[in-house]
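Notes for the one structure printed next.
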Amino acid sequence: MKGSRSWRRALLAAAGIGAVVGAPLAVGQSTPAAAVTIKGATNLAQSVVLDFPRSATGVTTDFQVLGFNDFHGNLEPGALNQYGQFAGGAAWLSKLIKDEKAAFPTGRTVVVEAGDNIGASPLVSGLFKDEPSTIVQNLMGVDFSTVGNHEFDRGKTELLRQQNGGCSPTGGCTAGPYALADGTTTATFPGADFQYLSTNVVDTATGATLFPSTAVATLPNGSGGTTKIGFVGLVLEATPSIVTPSGVAGLTFQNETAAANNAAAALKAQGVNTIVMLIHQGGSQTGTFALNGCAGNLAGSAIATILNNGLDRSIDVIVSGHTHNEYRCTVTTTDGETRLVTSASSFARVLTDVTLTIDDATGTLTTASANNLIVRNSSNPRVNAASVPLLDLPKDPAVNAVVQQYATAVAPLSSTVLGSISGDLTRTANTLGEQSLGDVIADSQLAATAPAAKGGSQIAFMNPGGIRADFLRTQISGTAPPEQIGQVTYGEAFTVQPFGNTLVVKTLTGQNLRELLEQQFVGCRGQRGAGGPRYLQISNGFSYELDLSVFGGNLNPPVASPPSPAACAAAIGKIFLNGAEISPTGSYRVTMNNFMADGGDDYTTFRQGTNVLGGDLDIDALVGYFQAQGTIAPGPQNRVIAYSAPVVPEAPWGVLLPLSALAIVGAVLAATQWRRRGRLVA
C-alpha cells in the first residue's frame, strides 16, 4: 500500500506541474546529525522527503494531512485557473478531498485550513454573511482551521457566531435551510463543525485565547494503538493594521513565534510529539513559479522570519497561507533545523496533500512529504483569456447542491447588468503604483460624495487591498439571459468590492494630505506594510509628484531597512487639485471608506479629519457610477507624476569650502592690486 501510494504521488506531482523550472533545495542542508536529511530529489520539481532520525522502534504508520487556505467564500469557480487549467469551486475541492481521503487508510486523515475561510467573499457567500462558506466546509469534512485576518472583518462577535452557530441579530437565519453533514437540514445556522484555533489571539482583558490555542487529533495506528498529532493555529501579528479597528477591539495579537512555542510546550506536556503549525502568514516564490516549487526558498519573506526567530524544534511541518501563493518548500533556519512549509494558492484552486510517517511507540515524526494538487473542474485547458471552462469534471453532489441553492438565491441580483467596459480594468499597477481599476473606483466614490448633501467631497482615496478582483471584458457570468462581452453585472462588481464598507467624508488640511501620501511607504509615519503595497488609488483632479529614487527606485522599501523621515518627505513633491498646488494650510473635503477612516492599513492620518459625514456603501457608489456612465474606459493611470527631488547636500562644506577658497584668492588679488595702485600714485 505504501509503495503504491508513493508511486501515485510521483505521477500526480509530474502531471500537476507541467513544464517546471527546477528550484534548488534549501541552502544549509548539511545539518547536524540530530536534525533532518532530505532525500529523493535534486530539485523541488521531484518528490521530496524529509527524514527526521528520531525513531526508536522502527515501527511507523503513515498519516495524511490535507490542507488549503484563503478560500474566501469562493463557492463557484467562475473562470479561475492555475497553470493552464481551470481550477476551483467548492464542489470540486470537496470531491478531491474525499478522493484523497479514500486512497488512504480509514481514520488516518486530518483536513485543515490556514485561515481566511470567510471574508472578502463573492456575492454568493458574502450576501449571506458567509454562512454558505461555513456550511460547505462542514460538508468537506474540515477538522481544524486557524483564524485569518479576514475572519475578523465583521468583528469578534460575528466570528464567534460562525463557530458556534445561531441566527444573526441583524439578519436572522435568512440563508436557511442549512445542510448538515448527515444529509438533513436545519432552519438555524449550525455554525462550524470544525474547530477554529487562535494560538496568538487573546482577549486583552482576560488573557484567554479567543479560540482554543491547540488541538489534538488522536488517530489509530498500525500497531493497534493510537497516535497523537498536535495542531497550533496562528494569524499574522500585524492583523490589527489590516483589519477595521472595531473588528479587533478588545483583542491582542501576540508574536507568532513566541505564541507557537508556548503552545508547543503545552502539547509536549500532554505527550504530543508531532506538531503541525497552521499559520495565516506566508511567503512567495521568486522568478518562475511552480506548483510544487520553491524558487527563492521564501528568502526574506514573513514566514521565513517567523521560522528564523527561534521556532520550537518540535514544529516540523507548517501549512501556511495569506499570500495567495502556492509552494512546497524545505526551509533550513539559522539554528540548522529543516522544516516542510506548504501553501495552496487561494480560492479553492489547490489542495496540499501531506504525508506524515510517525513512530508508533514514541509518537515522533520520522518522515514528511507533500504534494500540491490542482483542483481541476474542466477537461479543457485554459489556452488564453477567452477560453471558457466546460465545468464537466466530477464534483461532490452534496456540496454542489448547496452551491446551487445560494447561486439561485442571488441570481436575480447577481445577474443584473450595470453597464459595460471598453477594456480590461485591472489591479495591475504601473511603475508609480497606480491601477486602471483603482482610478475608476476612486472616481466612483468621488462622484457619489461630491454633491453638497453627500459631503461636498473634492478628493477620493481608495486602498488597494480593498479591490479584490479585476473587471475583464471577456468575463461571462452564468446569467440568464447570457451576459454579453464587455458587460458588467452586479455579481462581478460585488466580487471587486465585497466588504460593504461605507463612504466617509472628512475635512483634511493640505499638510494632512502630504503626511497621508508619505504613509504609503513602508517605514514612513508608522506604516508597517503588513498587507503588501500601500499605494493609494486617487480620484480625477488630484495628482502629486512621486520620486522613488529616494528608495532606490523600489515601490516597496524593504521592511528590514526602513527609510529615514527625510527620505519619506523627499519622496513626495508638489500636490495638486485641479491643476492648482495644494496649500499646507488649506482645507479640503476628502472621501475614504470607513476602514481607512478609522486608521486601517496604518493610514492613521485619516483620523485627524474633522466635520465627518457618513455616506453610501462603496458597492452602491460603484453601481451608480456604472449606471451613470454607461460604458467605462480603463483609468488613465496618469495621476501620479514621476519627478526627481532636488539634490540637497547633507552638509554645507561642499559649497562653503570652494566659496571660501575663492574669497581668499579674491582678497589676495585685491590686496596686490591695492599695493600696485599705491605705488603708481606715489
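Letters A, B, ... mark the chains of the C-alpha cells in the order given; residue numbers begin at 1 per chain; ligand numbers begin at 1, in order shown.
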| request: Considering only C-alpha atoms, return as a PyMOL selection string whatever protein or nucleic-acid residues lie within 6 Å of stretch 463-469 of chain A, sequence-local ones (same chain, fewer than 4 positions apart) excluded. | output: chain A and resi 496-497+536
List as a short mmCIF file (atom, residue, chain, number, x, y, z; two decimals) with N, CA and C atoms, in the first residue's frame the protein and nucleic acid residues near A:Gly363, meaning an atom at most 10 Å away when only C-alpha atoms are counted, but skip any in the same chain fewer than 3 places from it.
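Saved file part_38.cif follows:
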data_model
loop_
_atom_site.label_atom_id
_atom_site.label_comp_id
_atom_site.auth_asym_id
_atom_site.auth_seq_id
_atom_site.Cartn_x
_atom_site.Cartn_y
_atom_site.Cartn_z
N ARG A 54 14.50 10.12 14.38
CA ARG A 54 14.09 10.12 15.79
C ARG A 54 13.47 8.80 16.23
N SER A 55 13.24 7.88 15.29
CA SER A 55 12.52 6.66 15.62
C SER A 55 13.37 5.73 16.47
N THR A 60 6.35 2.22 12.17
CA THR A 60 5.74 3.52 11.89
C THR A 60 4.39 3.35 11.18
N THR A 61 3.63 4.44 11.18
CA THR A 61 2.36 4.50 10.47
C THR A 61 2.29 5.81 9.70
N ASN A 221 -3.22 3.84 14.81
CA ASN A 221 -2.00 3.50 14.09
C ASN A 221 -1.96 2.02 13.72
N THR A 226 -2.99 4.12 19.28
CA THR A 226 -3.33 5.42 18.71
C THR A 226 -2.10 6.33 18.68
N THR A 227 -2.14 7.29 17.80
CA THR A 227 -1.08 8.29 17.66
C THR A 227 -1.69 9.67 17.75
N LYS A 228 -1.01 10.56 18.45
CA LYS A 228 -1.49 11.92 18.61
C LYS A 228 -0.72 12.87 17.69
N ILE A 229 -1.49 13.73 16.98
CA ILE A 229 -0.90 14.80 16.17
C ILE A 229 -1.46 16.12 16.71
N GLY A 271 2.06 14.85 26.07
CA GLY A 271 2.55 13.65 25.40
C GLY A 271 2.40 13.67 23.90
N VAL A 272 2.23 14.88 23.32
CA VAL A 272 2.11 15.02 21.86
C VAL A 272 3.49 15.37 21.31
N ASN A 273 4.03 14.53 20.45
CA ASN A 273 5.39 14.71 19.95
C ASN A 273 5.47 15.03 18.47
N THR A 274 4.35 15.08 17.78
CA THR A 274 4.31 15.53 16.39
C THR A 274 3.37 16.73 16.32
N THR A 357 4.87 10.34 8.47
CA THR A 357 5.21 9.00 8.95
C THR A 357 5.67 9.13 10.40
N ILE A 358 4.94 8.50 11.30
CA ILE A 358 5.14 8.71 12.73
C ILE A 358 5.43 7.38 13.42
N ASP A 359 6.40 7.40 14.32
CA ASP A 359 6.76 6.22 15.09
C ASP A 359 5.62 5.82 16.02
N ASP A 360 5.20 4.57 15.94
CA ASP A 360 4.05 4.12 16.73
C ASP A 360 4.31 4.19 18.23
N THR A 366 8.99 10.85 11.81
CA THR A 366 10.22 10.34 11.22
C THR A 366 10.39 10.76 9.76
#
| said: From the options A:Leu425, A:Ala114, A:Leu513, A:Ala493, which residue's atoms come nearest to A:His150, counting only C-alpha atoms? | reply: A:Ala114
| Which residue, A:Gln137, A:Val48, A:Ala398, A:Ile641, has the smallest gap to A:Thr330 when you use only C-alpha atoms? |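 Among the listed residues, the smallest separation from A:Thr330 belongs to A:Val48.
Interatomic distance, atom CA of A:Lys156 to atom CA of A:Ser121: 17.8 Å.
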| Polymer residues at most 12 Å from A:Gly579, only C-alpha atoms, same-chain spacing of 5 or more positions, as a PyMOL selection string | chain A and resi 540-544+574+639
Residues of the last selection are to be written out with all heavy atoms, as a compact mmCIF listing (two decimals), in the first residue's frame.
# COMPACT_ATOMS: atom_id res chain seq x y z
N ASN A 540 -9.92 61.57 -10.02
CA ASN A 540 -9.63 62.54 -11.07
C ASN A 540 -9.56 63.96 -10.49
O ASN A 540 -10.37 64.35 -9.65
CB ASN A 540 -10.73 62.47 -12.14
CG ASN A 540 -10.46 63.41 -13.29
OD1 ASN A 540 -9.33 63.54 -13.73
ND2 ASN A 540 -11.50 64.06 -13.76
N GLY A 541 -8.57 64.73 -10.95
CA GLY A 541 -8.39 66.09 -10.47
C GLY A 541 -7.33 66.23 -9.41
O GLY A 541 -6.78 67.32 -9.21
N PHE A 542 -7.03 65.12 -8.72
CA PHE A 542 -5.99 65.13 -7.70
C PHE A 542 -4.74 64.47 -8.28
O PHE A 542 -4.83 63.46 -8.98
CB PHE A 542 -6.45 64.36 -6.46
CG PHE A 542 -5.45 64.37 -5.33
CD1 PHE A 542 -5.33 65.47 -4.50
CD2 PHE A 542 -4.64 63.27 -5.09
CE1 PHE A 542 -4.42 65.48 -3.45
CE2 PHE A 542 -3.73 63.26 -4.05
CZ PHE A 542 -3.61 64.38 -3.23
N SER A 543 -3.58 65.05 -8.02
CA SER A 543 -2.34 64.47 -8.51
C SER A 543 -1.20 64.91 -7.60
O SER A 543 -1.33 65.87 -6.83
CB SER A 543 -2.05 64.89 -9.95
OG SER A 543 -1.94 66.30 -10.06
N TYR A 544 -0.10 64.18 -7.69
CA TYR A 544 1.06 64.56 -6.88
C TYR A 544 2.33 64.02 -7.53
O TYR A 544 2.29 63.08 -8.33
CB TYR A 544 0.94 64.05 -5.44
CG TYR A 544 0.96 62.55 -5.28
CD1 TYR A 544 2.16 61.87 -5.00
CD2 TYR A 544 -0.20 61.80 -5.39
CE1 TYR A 544 2.18 60.49 -4.84
CE2 TYR A 544 -0.19 60.43 -5.24
CZ TYR A 544 1.01 59.77 -4.96
OH TYR A 544 1.03 58.40 -4.81
N LYS A 574 5.31 68.22 -5.23
CA LYS A 574 4.15 69.09 -5.19
C LYS A 574 2.86 68.27 -5.28
O LYS A 574 2.83 67.21 -5.90
CB LYS A 574 4.22 70.09 -6.33
CG LYS A 574 5.37 71.08 -6.22
CD LYS A 574 5.39 72.06 -7.40
CE LYS A 574 6.53 73.05 -7.26
NZ LYS A 574 6.58 74.00 -8.41
N ARG A 639 -2.18 60.00 -12.81
CA ARG A 639 -2.42 60.96 -11.73
C ARG A 639 -1.24 61.07 -10.77
O ARG A 639 -1.15 62.03 -10.02
CB ARG A 639 -3.70 60.56 -10.98
CG ARG A 639 -4.90 60.59 -11.92
CD ARG A 639 -6.14 59.92 -11.38
NE ARG A 639 -7.17 59.88 -12.41
CZ ARG A 639 -8.37 59.33 -12.26
NH1 ARG A 639 -8.69 58.76 -11.10
NH2 ARG A 639 -9.23 59.34 -13.27
| query | Can you list every residue in stretch 198-332 of chain A that DSSP puts in helix (DSSP H, G or I), as number ranges by chain? | reply | A: 239-241, 245-248, 256-269, 302-307
